[in-house]
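**Student:** One file is attached below, data.txt, containing compact mmCIF, C-alpha atoms (C1' of nucleotides) and all ligand atoms.
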# COMPACT_ATOMS: atom_id res chain seq x y z
CA MET A 1 56.28 -11.04 -158.40
CA THR A 2 54.92 -13.36 -155.72
CA THR A 3 52.28 -12.99 -153.02
CA ASN A 4 53.86 -15.07 -150.32
CA GLY A 5 54.27 -12.04 -148.05
CA LEU A 6 57.86 -12.83 -147.21
CA GLN A 7 59.66 -10.33 -149.45
CA HIS A 8 59.18 -7.20 -147.36
CA ARG A 9 59.67 -8.72 -143.91
CA GLN A 10 61.13 -6.10 -141.60
CA THR A 11 62.41 -8.03 -138.61
CA GLU A 12 63.93 -11.38 -139.39
CA ILE A 13 62.97 -14.06 -136.92
CA PRO A 14 64.73 -17.39 -137.41
CA GLU A 15 62.86 -20.52 -138.45
CA GLU A 16 63.48 -22.02 -135.07
CA ILE A 17 64.35 -20.77 -131.57
CA ASN A 18 65.44 -23.09 -128.77
CA GLY A 19 64.10 -26.02 -130.76
CA LEU A 20 60.69 -24.43 -131.31
CA ARG A 21 59.55 -24.00 -134.90
CA MET A 22 58.55 -20.38 -135.37
CA THR A 23 55.24 -20.45 -137.17
CA ARG A 24 53.75 -17.22 -138.47
CA GLN A 25 51.57 -16.92 -135.35
CA ARG A 26 54.46 -17.56 -132.97
CA GLN A 27 56.56 -15.04 -134.84
CA GLU A 28 53.94 -12.33 -134.46
CA VAL A 29 53.46 -13.06 -130.77
CA TYR A 30 57.21 -13.04 -130.22
CA ARG A 31 57.82 -9.94 -132.32
CA PHE A 32 55.16 -7.99 -130.44
CA LEU A 33 56.48 -9.01 -127.03
CA MET A 34 60.07 -8.14 -127.98
CA GLY A 35 58.98 -4.58 -128.72
CA GLU A 36 57.08 -4.13 -125.45
CA ARG A 37 58.32 -3.34 -121.96
CA THR A 38 54.80 -3.38 -120.55
CA HIS A 39 54.38 -7.10 -119.86
CA PRO A 40 51.18 -7.51 -121.88
CA THR A 41 48.41 -9.99 -121.14
CA ALA A 42 47.35 -12.71 -123.58
CA ASN A 43 44.40 -10.58 -124.59
CA GLU A 44 46.62 -7.57 -125.27
CA VAL A 45 48.85 -9.73 -127.45
CA PHE A 46 45.75 -11.01 -129.22
CA ILE A 47 44.41 -7.54 -129.98
CA SER A 48 47.76 -6.30 -131.20
CA ILE A 49 48.73 -9.12 -133.55
CA LYS A 50 45.29 -9.12 -135.13
CA GLU A 51 46.57 -6.23 -137.23
CA ALA A 52 49.04 -8.54 -138.94
CA LEU A 53 46.97 -11.73 -138.62
CA PRO A 54 43.28 -10.81 -138.72
CA HIS A 55 42.18 -14.43 -138.45
CA VAL A 56 44.28 -15.39 -135.45
CA SER A 57 42.35 -16.85 -132.53
CA LEU A 58 42.77 -16.21 -128.83
CA ALA A 59 43.29 -19.93 -128.29
CA THR A 60 46.26 -19.76 -130.64
CA VAL A 61 47.70 -16.82 -128.74
CA TYR A 62 47.49 -18.92 -125.59
CA ASN A 63 49.05 -21.86 -127.43
CA CYS A 64 51.88 -19.70 -128.73
CA LEU A 65 52.56 -18.09 -125.38
CA GLU A 66 52.66 -21.49 -123.68
CA ALA A 67 55.05 -22.86 -126.32
CA LEU A 68 57.32 -19.81 -126.06
CA VAL A 69 57.36 -20.05 -122.26
CA GLN A 70 58.09 -23.79 -122.27
CA HIS A 71 61.01 -23.27 -124.61
CA LYS A 72 62.31 -20.44 -122.41
CA ILE A 73 61.97 -17.83 -125.15
CA ILE A 74 59.77 -15.60 -123.00
CA ARG A 75 58.67 -15.64 -119.35
CA GLN A 76 55.23 -15.76 -117.77
CA VAL A 77 54.68 -13.33 -114.92
CA ASN A 78 51.84 -13.50 -112.41
CA PHE A 79 50.64 -10.83 -110.00
CA ASP A 80 48.32 -12.26 -107.43
CA ARG A 81 45.24 -13.51 -109.28
CA GLU A 82 45.42 -11.07 -112.15
CA PRO A 83 45.63 -12.34 -115.74
CA SER A 84 49.08 -13.65 -116.60
CA ARG A 85 51.53 -11.29 -118.25
CA TYR A 86 54.43 -12.07 -120.53
CA CYS A 87 57.99 -10.78 -120.45
CA PRO A 88 60.67 -10.97 -123.14
CA ASN A 89 63.50 -10.20 -120.69
CA LEU A 90 65.38 -13.43 -120.02
CA ASP A 91 67.88 -11.93 -117.58
CA GLU A 92 67.25 -12.81 -113.95
CA HIS A 93 65.08 -9.98 -112.67
CA GLY A 94 62.14 -9.13 -110.46
CA HIS A 95 58.94 -7.22 -111.11
CA PHE A 96 57.69 -4.06 -109.50
CA HIS A 97 53.98 -3.39 -109.70
CA ASP A 98 53.31 0.34 -109.37
CA GLU A 99 49.98 0.72 -107.58
CA THR A 100 49.56 4.32 -108.71
CA THR A 101 49.80 3.80 -112.45
CA GLY A 102 49.24 0.08 -112.70
CA THR A 103 52.47 -0.26 -114.66
CA ILE A 104 55.00 -3.04 -114.23
CA HIS A 105 58.75 -2.50 -114.20
CA ASP A 106 61.64 -4.90 -114.43
CA ILE A 107 63.90 -4.77 -111.38
CA LYS A 108 67.54 -5.79 -111.73
CA PHE A 109 69.54 -7.23 -108.90
CA LYS A 110 72.60 -5.37 -107.71
CA PRO A 111 75.75 -6.80 -109.30
CA GLY A 112 77.41 -9.76 -107.57
CA ILE A 113 74.28 -10.80 -105.69
CA ASN A 114 73.27 -14.44 -105.51
CA LEU A 115 69.66 -14.75 -104.49
CA THR A 116 70.26 -18.09 -102.83
CA ASP A 117 72.91 -16.52 -100.59
CA ILE A 118 70.33 -14.54 -98.67
CA LEU A 119 67.81 -17.36 -98.33
CA ASP A 120 67.94 -19.86 -95.48
CA LEU A 121 67.49 -22.96 -97.64
CA PRO A 122 67.99 -26.58 -96.59
CA PRO A 123 71.22 -28.05 -98.05
CA ASN A 124 71.09 -29.84 -101.42
CA THR A 125 68.03 -27.93 -102.56
CA VAL A 126 67.63 -27.85 -106.33
CA ILE A 127 66.15 -24.53 -107.39
CA LYS A 128 64.48 -24.45 -110.78
CA ASP A 129 63.04 -20.97 -110.62
CA ILE A 130 62.91 -17.88 -108.42
CA GLU A 131 60.28 -15.20 -108.64
CA ILE A 132 60.45 -11.82 -106.92
CA THR A 133 57.50 -9.49 -106.98
CA LEU A 134 57.17 -6.06 -105.41
CA ARG A 135 54.15 -3.84 -104.99
CA GLY A 136 54.25 -0.15 -104.12
CA GLN A 137 54.64 3.31 -105.52
CA LEU A 138 57.37 4.98 -107.56
CA ALA A 139 57.31 8.10 -105.38
CA MET B 1 23.73 -24.92 -67.90
CA THR B 2 23.65 -22.97 -71.12
CA THR B 3 23.78 -23.91 -74.78
CA ASN B 4 25.79 -21.04 -76.10
CA GLY B 5 28.71 -23.30 -76.97
CA LEU B 6 31.28 -21.09 -75.33
CA GLN B 7 31.92 -22.99 -72.10
CA HIS B 8 34.30 -25.66 -73.39
CA ARG B 9 36.28 -23.55 -75.86
CA GLN B 10 39.81 -24.89 -76.15
CA THR B 11 41.77 -22.13 -77.85
CA GLU B 12 40.82 -18.64 -76.82
CA ILE B 13 40.63 -16.25 -79.73
CA PRO B 14 40.02 -12.62 -78.79
CA GLU B 15 36.82 -10.83 -79.79
CA GLU B 16 38.79 -8.65 -82.13
CA ILE B 17 42.15 -8.81 -83.92
CA ASN B 18 43.69 -5.80 -85.68
CA GLY B 19 40.31 -4.10 -85.59
CA LEU B 20 38.47 -7.06 -87.12
CA ARG B 21 35.58 -8.50 -85.16
CA MET B 22 36.15 -12.23 -84.83
CA THR B 23 32.88 -13.87 -85.67
CA ARG B 24 32.46 -17.61 -85.14
CA GLN B 25 33.27 -18.28 -88.80
CA ARG B 26 36.35 -16.07 -88.79
CA GLN B 27 37.51 -17.76 -85.60
CA GLU B 28 37.26 -21.20 -87.14
CA VAL B 29 39.06 -20.14 -90.30
CA TYR B 30 41.78 -18.49 -88.25
CA ARG B 31 42.09 -21.36 -85.76
CA PHE B 32 42.47 -23.89 -88.56
CA LEU B 33 45.11 -21.87 -90.39
CA MET B 34 47.09 -21.29 -87.19
CA GLY B 35 47.41 -25.04 -86.75
CA GLU B 36 48.55 -25.69 -90.31
CA ARG B 37 51.94 -25.30 -91.95
CA THR B 38 50.64 -26.54 -95.30
CA HIS B 39 49.27 -23.28 -96.71
CA PRO B 40 45.76 -24.60 -97.38
CA THR B 41 43.47 -23.41 -100.16
CA ALA B 42 40.06 -21.84 -99.51
CA ASN B 43 38.43 -25.15 -100.32
CA GLU B 44 40.65 -27.02 -97.86
CA VAL B 45 39.73 -24.51 -95.18
CA PHE B 46 36.07 -24.97 -96.10
CA ILE B 47 36.20 -28.75 -95.83
CA SER B 48 38.03 -28.65 -92.53
CA ILE B 49 35.92 -26.12 -90.64
CA LYS B 50 32.71 -27.83 -91.72
CA GLU B 51 33.37 -30.21 -88.84
CA ALA B 52 32.83 -27.40 -86.39
CA LEU B 53 30.40 -25.37 -88.50
CA PRO B 54 28.40 -27.76 -90.67
CA HIS B 55 26.34 -24.93 -92.19
CA VAL B 56 29.26 -22.71 -93.20
CA SER B 57 29.32 -21.74 -96.85
CA LEU B 58 32.27 -21.53 -99.22
CA ALA B 59 31.38 -17.89 -99.91
CA THR B 60 31.77 -17.19 -96.22
CA VAL B 61 35.15 -18.88 -96.18
CA TYR B 62 36.23 -16.59 -99.01
CA ASN B 63 34.77 -13.61 -97.16
CA CYS B 64 36.59 -14.56 -93.96
CA LEU B 65 39.89 -15.14 -95.71
CA GLU B 66 39.64 -11.81 -97.48
CA ALA B 67 38.84 -10.01 -94.22
CA LEU B 68 41.73 -11.72 -92.41
CA VAL B 69 44.13 -10.86 -95.22
CA GLN B 70 43.02 -7.24 -95.39
CA HIS B 71 43.53 -6.85 -91.65
CA LYS B 72 46.99 -8.44 -91.95
CA ILE B 73 46.07 -11.38 -89.71
CA ILE B 74 47.03 -13.94 -92.34
CA ARG B 75 48.71 -13.76 -95.76
CA GLN B 76 47.54 -14.83 -99.18
CA VAL B 77 50.09 -16.77 -101.23
CA ASN B 78 49.87 -17.41 -104.96
CA PHE B 79 51.80 -19.89 -107.06
CA ASP B 80 51.42 -19.15 -110.74
CA ARG B 81 47.75 -19.65 -111.58
CA GLU B 82 47.00 -22.23 -108.92
CA PRO B 83 44.26 -21.61 -106.36
CA SER B 84 45.32 -19.12 -103.70
CA ARG B 85 46.77 -20.47 -100.49
CA TYR B 86 46.76 -18.93 -97.04
CA CYS B 87 49.60 -18.56 -94.57
CA PRO B 88 49.44 -17.70 -90.85
CA ASN B 89 53.15 -16.79 -90.68
CA LEU B 90 53.42 -13.02 -90.50
CA ASP B 91 57.22 -12.89 -90.41
CA GLU B 92 58.83 -11.77 -93.65
CA HIS B 93 59.49 -15.00 -95.52
CA GLY B 94 59.45 -16.63 -98.93
CA HIS B 95 57.82 -19.80 -100.20
CA PHE B 96 59.42 -22.87 -101.67
CA HIS B 97 57.22 -25.07 -103.82
CA ASP B 98 58.59 -28.62 -103.87
CA GLU B 99 57.82 -30.06 -107.30
CA THR B 100 58.34 -33.62 -106.12
CA THR B 101 55.83 -33.70 -103.29
CA GLY B 102 53.73 -30.65 -104.12
CA THR B 103 54.35 -29.32 -100.64
CA ILE B 104 55.05 -25.70 -99.77
CA HIS B 105 57.65 -24.59 -97.26
CA ASP B 106 58.32 -21.28 -95.60
CA ILE B 107 61.79 -19.92 -96.36
CA LYS B 108 63.41 -17.55 -93.90
CA PHE B 109 65.91 -14.92 -94.92
CA LYS B 110 69.40 -15.11 -93.47
CA PRO B 111 69.77 -12.77 -90.48
CA GLY B 112 70.67 -9.16 -91.17
CA ILE B 113 69.50 -9.21 -94.77
CA ASN B 114 67.46 -6.36 -96.18
CA LEU B 115 65.73 -7.43 -99.36
CA THR B 116 65.79 -3.93 -100.76
CA ASP B 117 69.59 -3.84 -100.41
CA ILE B 118 70.04 -6.37 -103.18
CA LEU B 119 67.48 -4.85 -105.55
CA ASP B 120 68.37 -2.09 -107.97
CA LEU B 121 65.38 0.12 -107.20
CA PRO B 122 64.85 3.74 -108.25
CA PRO B 123 65.30 6.16 -105.31
CA ASN B 124 62.26 7.12 -103.22
CA THR B 125 60.39 3.94 -104.07
CA VAL B 126 57.72 3.05 -101.53
CA ILE B 127 57.50 -0.72 -101.15
CA LYS B 128 54.27 -2.06 -99.75
CA ASP B 129 54.93 -5.74 -100.20
CA ILE B 130 57.58 -8.18 -101.40
CA GLU B 131 56.90 -11.72 -102.51
CA ILE B 132 59.57 -14.36 -103.09
CA THR B 133 58.65 -17.69 -104.58
CA LEU B 134 60.92 -20.64 -105.37
CA ARG B 135 60.23 -23.80 -107.27
CA GLY B 136 62.41 -26.91 -107.22
CA GLN B 137 63.20 -30.08 -105.34
CA LEU B 138 64.29 -30.76 -101.78
CA ALA B 139 67.01 -33.19 -102.90
C1' DA C 1 12.50 -4.26 -78.08
C1' DT C 2 13.57 -1.62 -82.20
C1' DA C 3 16.34 0.06 -85.60
C1' DG C 4 20.36 0.07 -88.10
C1' DT C 5 24.45 -2.23 -89.62
C1' DA C 6 27.41 -6.10 -90.49
C1' DA C 7 27.98 -10.79 -91.65
C1' DT C 8 26.44 -15.10 -93.55
C1' DA C 9 24.38 -18.38 -96.87
C1' DA C 10 22.90 -20.26 -101.28
C1' DG C 11 23.15 -20.00 -105.66
C1' DA C 12 24.12 -17.50 -109.99
C1' DA C 13 27.49 -15.14 -112.62
C1' DT C 14 32.16 -14.06 -114.08
C1' DG C 15 36.26 -14.51 -116.72
C1' DA C 16 40.83 -16.16 -117.62
C1' DT C 17 42.26 -20.24 -119.19
C1' DT C 18 41.92 -24.93 -121.01
C1' DC C 19 39.82 -28.39 -123.70
C1' DT C 20 37.62 -30.57 -127.88
C1' DA C 21 37.20 -31.62 -132.43
C1' DA C 22 37.61 -30.34 -137.04
C1' DA C 23 40.27 -27.95 -140.56
C1' DT C 24 44.67 -26.32 -142.15
C1' DT C 25 49.50 -26.24 -142.63
C1' DG C 26 54.18 -27.89 -142.88
C1' DA C 27 57.76 -31.38 -143.33
C1' DC C 28 59.38 -35.25 -145.58
C1' DG C 29 59.88 -39.04 -148.58
C1' DT C 30 58.65 -40.68 -153.30
C1' DA D 1 54.31 -32.32 -157.76
C1' DC D 2 51.92 -35.93 -154.84
C1' DG D 3 50.63 -38.45 -150.67
C1' DT D 4 51.22 -39.15 -145.87
C1' DC D 5 51.62 -38.05 -141.24
C1' DA D 6 52.29 -35.01 -137.51
C1' DA D 7 51.97 -30.43 -135.83
C1' DT D 8 49.39 -26.39 -135.56
C1' DT D 9 45.51 -23.49 -135.74
C1' DT D 10 40.75 -22.37 -135.11
C1' DA D 11 36.02 -21.71 -133.08
C1' DG D 12 33.50 -22.69 -129.67
C1' DA D 13 32.37 -25.24 -125.46
C1' DA D 14 33.80 -26.35 -120.91
C1' DT D 15 36.24 -25.57 -116.59
C1' DC D 16 36.68 -23.82 -112.11
C1' DA D 17 38.43 -20.59 -108.69
C1' DT D 18 36.53 -16.61 -107.37
C1' DT D 19 33.12 -12.89 -107.06
C1' DC D 20 28.59 -11.20 -107.01
C1' DT D 21 23.60 -10.91 -105.73
C1' DT D 22 20.10 -11.04 -102.70
C1' DA D 23 17.68 -12.75 -98.83
C1' DT D 24 18.30 -14.05 -94.20
C1' DT D 25 20.44 -13.89 -89.82
C1' DA D 26 23.29 -11.89 -86.11
C1' DC D 27 25.24 -7.94 -83.65
C1' DT D 28 25.26 -3.44 -81.64
C1' DA D 29 23.47 0.52 -79.79
C1' DT D 30 19.68 3.27 -78.48
MN MN E 1 44.41 -11.44 -120.80
MN MN E 2 40.50 -23.63 -103.32
ZN ZN E 3 60.05 -8.65 -116.83
ZN ZN E 4 54.15 -19.01 -95.52
Go ahead and render the structure in this file as structure tokens.
Ligand SMILES: [Mn+2]
Ligand SMILES: [Mn+2]
Ligand SMILES: [Zn+2]
Ligand SMILES: [Zn+2]
**Tutor:**
Amino acid sequence: MTTNGLQHRQTEIPEEINGLRMTRQRQEVYRFLMGERTHPTANEVFISIKEALPHVSLATVYNCLEALVQHKIIRQVNFDREPSRYCPNLDEHGHFHDETTGTIHDIKFKPGINLTDILDLPPNTVIKDIEITLRGQLA
Amino acid sequence: MTTNGLQHRQTEIPEEINGLRMTRQRQEVYRFLMGERTHPTANEVFISIKEALPHVSLATVYNCLEALVQHKIIRQVNFDREPSRYCPNLDEHGHFHDETTGTIHDIKFKPGINLTDILDLPPNTVIKDIEITLRGQLA
DNA sequence: ATAGTAATAAGAATGATTCTAAATTGACGT
DNA sequence: ACGTCAATTTAGAATCATTCTTATTACTAT
């Protein structure tokens, strides 16, 4: 019988994703985000993974989130000047911010739509990223 | 001969726009933004209008910008977590952030396009605002 | 002019995020 | 296993755009 804590692991996360070594802290951040549709903030991630890693620091959560974003494992989402939120959905999608409840919802694009088709862009423009944000009420 | 400083005014800005009283400070902020396509930050506005109003404070610039935004006279534009920028273009448009030069460009939509047509939104959704941001290079 | 309200100014406070420096961990070769 | 080196984590300090506080000044209306 060992005490390495690996024997009863429930969700298996690979050693490495997109070239990023998945340390215990990164695993917990990633696992939590994968189970959330709410686009949590860094602080919400911090509070939640403290259950599994009581000694984790907020700086590490920021470090993990930055590493995961840079390796395109998760996405960072910003609403105006509010604290950044994090999204595990890698499909191209927009974000709807419901003013009534404060909740955030992923918005898919209708099938067959190319965002660049509707934009009046100069020729030969290289687009690295598109962000679409909506604010309103889910009537 | 008077010293009220109003006799040689070059650009006439009305006393009131969209129900907002145009104080001297608000006029200068607004006048500067109207002459800029660069989407300046609050600090850039501050530095520029100090020529005309040497005693203006940065807090006042923030106050003015907030008032102008709330009365839909200008628009606030955010790129990730960078300082907010301000835009005098009230037409519906997106923003392209050129990584090479750091410049920001307004992006028009192709004629006859309704943004909501391409989004897979739940029925009866009230949309108060849409923001489209692109990042890349103007090849 | 007086009173009441709105706006401005200067500086302090805020808070999400980043930085610093020291300790810990992991990977790799011996 | 051991030593070495790089990567990662940690706690706390620092950063800095923005907001807040409070006193002063400017309008507006009687
Ligand atoms: Mn947070
Ligand atoms: Mn600024
Ligand atoms: Zn999302
Ligand atoms: Zn613009």
**Student:** Present chain A as a JSON list (two decimals) with C-alpha atoms, in the coordinates of the input, least-squares fitted onto chain B over all of its C-alpha atoms paired in order.
**Tutor:**
[["chain", "number", "residue", "atom", "x", "y", "z"],
["A", 1, "MET", "CA", 23.58, -25.28, -67.72],
["A", 2, "THR", "CA", 23.51, -23.35, -70.99],
["A", 3, "THR", "CA", 23.77, -24.35, -74.64],
["A", 4, "ASN", "CA", 25.66, -21.38, -75.96],
["A", 5, "GLY", "CA", 28.67, -23.53, -76.84],
["A", 6, "LEU", "CA", 31.15, -21.18, -75.25],
["A", 7, "GLN", "CA", 31.86, -23.02, -71.99],
["A", 8, "HIS", "CA", 34.24, -25.66, -73.31],
["A", 9, "ARG", "CA", 36.17, -23.53, -75.79],
["A", 10, "GLN", "CA", 39.70, -24.87, -76.09],
["A", 11, "THR", "CA", 41.66, -22.12, -77.80],
["A", 12, "GLU", "CA", 40.70, -18.62, -76.81],
["A", 13, "ILE", "CA", 40.59, -16.23, -79.72],
["A", 14, "PRO", "CA", 39.98, -12.60, -78.78],
["A", 15, "GLU", "CA", 36.81, -10.77, -79.78],
["A", 16, "GLU", "CA", 38.79, -8.61, -82.13],
["A", 17, "ILE", "CA", 42.15, -8.79, -83.92],
["A", 18, "ASN", "CA", 43.70, -5.80, -85.68],
["A", 19, "GLY", "CA", 40.33, -4.08, -85.59],
["A", 20, "LEU", "CA", 38.49, -7.02, -87.14],
["A", 21, "ARG", "CA", 35.60, -8.48, -85.16],
["A", 22, "MET", "CA", 36.18, -12.21, -84.84],
["A", 23, "THR", "CA", 32.89, -13.84, -85.68],
["A", 24, "ARG", "CA", 32.45, -17.56, -85.14],
["A", 25, "GLN", "CA", 33.25, -18.23, -88.81],
["A", 26, "ARG", "CA", 36.36, -16.05, -88.79],
["A", 27, "GLN", "CA", 37.51, -17.72, -85.61],
["A", 28, "GLU", "CA", 37.24, -21.18, -87.13],
["A", 29, "VAL", "CA", 39.05, -20.12, -90.29],
["A", 30, "TYR", "CA", 41.78, -18.47, -88.24],
["A", 31, "ARG", "CA", 42.09, -21.32, -85.76],
["A", 32, "PHE", "CA", 42.46, -23.87, -88.55],
["A", 33, "LEU", "CA", 45.10, -21.84, -90.38],
["A", 34, "MET", "CA", 47.10, -21.26, -87.18],
["A", 35, "GLY", "CA", 47.42, -25.02, -86.73],
["A", 36, "GLU", "CA", 48.55, -25.68, -90.31],
["A", 37, "ARG", "CA", 51.95, -25.29, -91.94],
["A", 38, "THR", "CA", 50.64, -26.50, -95.28],
["A", 39, "HIS", "CA", 49.27, -23.25, -96.71],
["A", 40, "PRO", "CA", 45.76, -24.57, -97.38],
["A", 41, "THR", "CA", 43.47, -23.40, -100.16],
["A", 42, "ALA", "CA", 40.06, -21.83, -99.52],
["A", 43, "ASN", "CA", 38.44, -25.14, -100.33],
["A", 44, "GLU", "CA", 40.65, -27.00, -97.86],
["A", 45, "VAL", "CA", 39.72, -24.49, -95.17],
["A", 46, "PHE", "CA", 36.07, -24.95, -96.11],
["A", 47, "ILE", "CA", 36.19, -28.73, -95.83],
["A", 48, "SER", "CA", 38.01, -28.63, -92.53],
["A", 49, "ILE", "CA", 35.91, -26.09, -90.65],
["A", 50, "LYS", "CA", 32.71, -27.80, -91.73],
["A", 51, "GLU", "CA", 33.35, -30.18, -88.84],
["A", 52, "ALA", "CA", 32.81, -27.36, -86.37],
["A", 53, "LEU", "CA", 30.38, -25.34, -88.51],
["A", 54, "PRO", "CA", 28.38, -27.73, -90.68],
["A", 55, "HIS", "CA", 26.35, -24.92, -92.23],
["A", 56, "VAL", "CA", 29.24, -22.69, -93.23],
["A", 57, "SER", "CA", 29.32, -21.72, -96.90],
["A", 58, "LEU", "CA", 32.28, -21.51, -99.24],
["A", 59, "ALA", "CA", 31.40, -17.88, -99.94],
["A", 60, "THR", "CA", 31.80, -17.17, -96.24],
["A", 61, "VAL", "CA", 35.18, -18.87, -96.20],
["A", 62, "TYR", "CA", 36.23, -16.56, -99.02],
["A", 63, "ASN", "CA", 34.78, -13.59, -97.15],
["A", 64, "CYS", "CA", 36.61, -14.53, -93.97],
["A", 65, "LEU", "CA", 39.91, -15.13, -95.72],
["A", 66, "GLU", "CA", 39.66, -11.78, -97.50],
["A", 67, "ALA", "CA", 38.86, -9.98, -94.23],
["A", 68, "LEU", "CA", 41.74, -11.70, -92.41],
["A", 69, "VAL", "CA", 44.15, -10.84, -95.23],
["A", 70, "GLN", "CA", 43.04, -7.20, -95.39],
["A", 71, "HIS", "CA", 43.56, -6.82, -91.67],
["A", 72, "LYS", "CA", 47.00, -8.43, -91.95],
["A", 73, "ILE", "CA", 46.09, -11.35, -89.70],
["A", 74, "ILE", "CA", 47.05, -13.92, -92.34],
["A", 75, "ARG", "CA", 48.73, -13.74, -95.76],
["A", 76, "GLN", "CA", 47.55, -14.83, -99.19],
["A", 77, "VAL", "CA", 50.09, -16.76, -101.23],
["A", 78, "ASN", "CA", 49.87, -17.39, -104.97],
["A", 79, "PHE", "CA", 51.81, -19.88, -107.07],
["A", 80, "ASP", "CA", 51.44, -19.16, -110.72],
["A", 81, "ARG", "CA", 47.76, -19.65, -111.58],
["A", 82, "GLU", "CA", 47.02, -22.22, -108.93],
["A", 83, "PRO", "CA", 44.27, -21.59, -106.36],
["A", 84, "SER", "CA", 45.33, -19.11, -103.70],
["A", 85, "ARG", "CA", 46.78, -20.45, -100.48],
["A", 86, "TYR", "CA", 46.78, -18.91, -97.04],
["A", 87, "CYS", "CA", 49.61, -18.54, -94.55],
["A", 88, "PRO", "CA", 49.46, -17.69, -90.85],
["A", 89, "ASN", "CA", 53.17, -16.78, -90.68],
["A", 90, "LEU", "CA", 53.44, -12.99, -90.50],
["A", 91, "ASP", "CA", 57.24, -12.87, -90.41],
["A", 92, "GLU", "CA", 58.85, -11.76, -93.65],
["A", 93, "HIS", "CA", 59.51, -14.99, -95.52],
["A", 94, "GLY", "CA", 59.46, -16.62, -98.93],
["A", 95, "HIS", "CA", 57.82, -19.78, -100.21],
["A", 96, "PHE", "CA", 59.41, -22.86, -101.66],
["A", 97, "HIS", "CA", 57.23, -25.06, -103.82],
["A", 98, "ASP", "CA", 58.58, -28.61, -103.86],
["A", 99, "GLU", "CA", 57.82, -30.06, -107.29],
["A", 100, "THR", "CA", 58.32, -33.63, -106.11],
["A", 101, "THR", "CA", 55.81, -33.68, -103.28],
["A", 102, "GLY", "CA", 53.73, -30.64, -104.10],
["A", 103, "THR", "CA", 54.34, -29.30, -100.61],
["A", 104, "ILE", "CA", 55.05, -25.68, -99.75],
["A", 105, "HIS", "CA", 57.65, -24.58, -97.23],
["A", 106, "ASP", "CA", 58.32, -21.26, -95.59],
["A", 107, "ILE", "CA", 61.79, -19.92, -96.35],
["A", 108, "LYS", "CA", 63.42, -17.53, -93.89],
["A", 109, "PHE", "CA", 65.93, -14.93, -94.92],
["A", 110, "LYS", "CA", 69.42, -15.11, -93.48],
["A", 111, "PRO", "CA", 69.76, -12.76, -90.49],
["A", 112, "GLY", "CA", 70.70, -9.14, -91.20],
["A", 113, "ILE", "CA", 69.52, -9.22, -94.81],
["A", 114, "ASN", "CA", 67.48, -6.37, -96.23],
["A", 115, "LEU", "CA", 65.75, -7.45, -99.39],
["A", 116, "THR", "CA", 65.81, -3.95, -100.80],
["A", 117, "ASP", "CA", 69.60, -3.86, -100.45],
["A", 118, "ILE", "CA", 70.07, -6.40, -103.21],
["A", 119, "LEU", "CA", 67.52, -4.89, -105.59],
["A", 120, "ASP", "CA", 68.43, -2.14, -108.04],
["A", 121, "LEU", "CA", 65.43, 0.08, -107.28],
["A", 122, "PRO", "CA", 64.92, 3.69, -108.35],
["A", 123, "PRO", "CA", 65.38, 6.12, -105.42],
["A", 124, "ASN", "CA", 62.34, 7.11, -103.33],
["A", 125, "THR", "CA", 60.47, 3.93, -104.16],
["A", 126, "VAL", "CA", 57.78, 3.07, -101.62],
["A", 127, "ILE", "CA", 57.54, -0.69, -101.23],
["A", 128, "LYS", "CA", 54.31, -2.03, -99.81],
["A", 129, "ASP", "CA", 54.96, -5.71, -100.27],
["A", 130, "ILE", "CA", 57.62, -8.16, -101.44],
["A", 131, "GLU", "CA", 56.94, -11.69, -102.53],
["A", 132, "ILE", "CA", 59.59, -14.35, -103.10],
["A", 133, "THR", "CA", 58.67, -17.68, -104.58],
["A", 134, "LEU", "CA", 60.92, -20.62, -105.36],
["A", 135, "ARG", "CA", 60.23, -23.81, -107.26],
["A", 136, "GLY", "CA", 62.41, -26.91, -107.20],
["A", 137, "GLN", "CA", 63.18, -30.06, -105.32],
["A", 138, "LEU", "CA", 64.26, -30.73, -101.74],
["A", 139, "ALA", "CA", 66.96, -33.18, -102.85]]
**Student:** Give as a list in words the residues surrounding ligand MN 2 (chain E) up to a distance of 9 Å, considering all atoms listed in the file.
**Tutor:**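 Selection of residues at most 9 Å from ligand MN 2 (chain E): Pro40, Thr41, Ala42, Asn43, Glu44, Val45, Phe46, Glu82, Pro83, Ser84 and Arg85 of chain B; DA17 of chain D.
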**Student:** With all atoms listed in the file considered, list every residue of chain C at most 9 Å from chain A, as a ChimeraX atom specification.
**Tutor:** /C:16-18
**Student:** If you measure from CA of Ala67 (chain A) to CA of Arg26 (chain A), what distance in Å do you get, rounded to one decimal?
**Tutor:**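 Answer for the CA of Ala67 (chain A) to CA of Arg26 (chain A) separation: 8.5 Å.
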**Student:** Identify, on the basis of all atoms listed in the file, every residue whose closest approach to DA9 (chain C) does not exceed 8 Å; exclude the query and any residue fewer than 3 positions from it along the same chain; express the result as a ChimeraX atom specification.
**Tutor:** /B:56-57,59-60 /D:24
**Student:** Find, counting only C-alpha atoms (C1' of nucleotides), the residue in D:DT9, D:DT30, D:DT4, D:DT18 that gets nearest to chain B.
**Tutor:**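 Closest to chain B, using only C-alpha atoms (C1' of nucleotides): D:DT18.
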**Student:** Box for region 5-10 of chain D: with edges along x, y and z, all listed atoms inside and 6 Å added on each side, what are the centre and edge lengths in Å to one decimal, as JSON?
**Tutor:**
{"center_x": 46.5, "center_y": -30.2, "center_z": -138.2, "size_x": 23.5, "size_y": 27.7, "size_z": 18.1}
**Student:** Find the spatial neighbours of Asn89 (chain B), counting all atoms listed in the file, within a cut-off of 10 Å - ignore same-chain residues fewer than 4 positions away - and output them as a list in words.
**Tutor:**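 Everything that qualifies: Leu33, Met34, Arg37, His39, Ile73, Ile74, Arg75, His93 and Asp106 of chain B.
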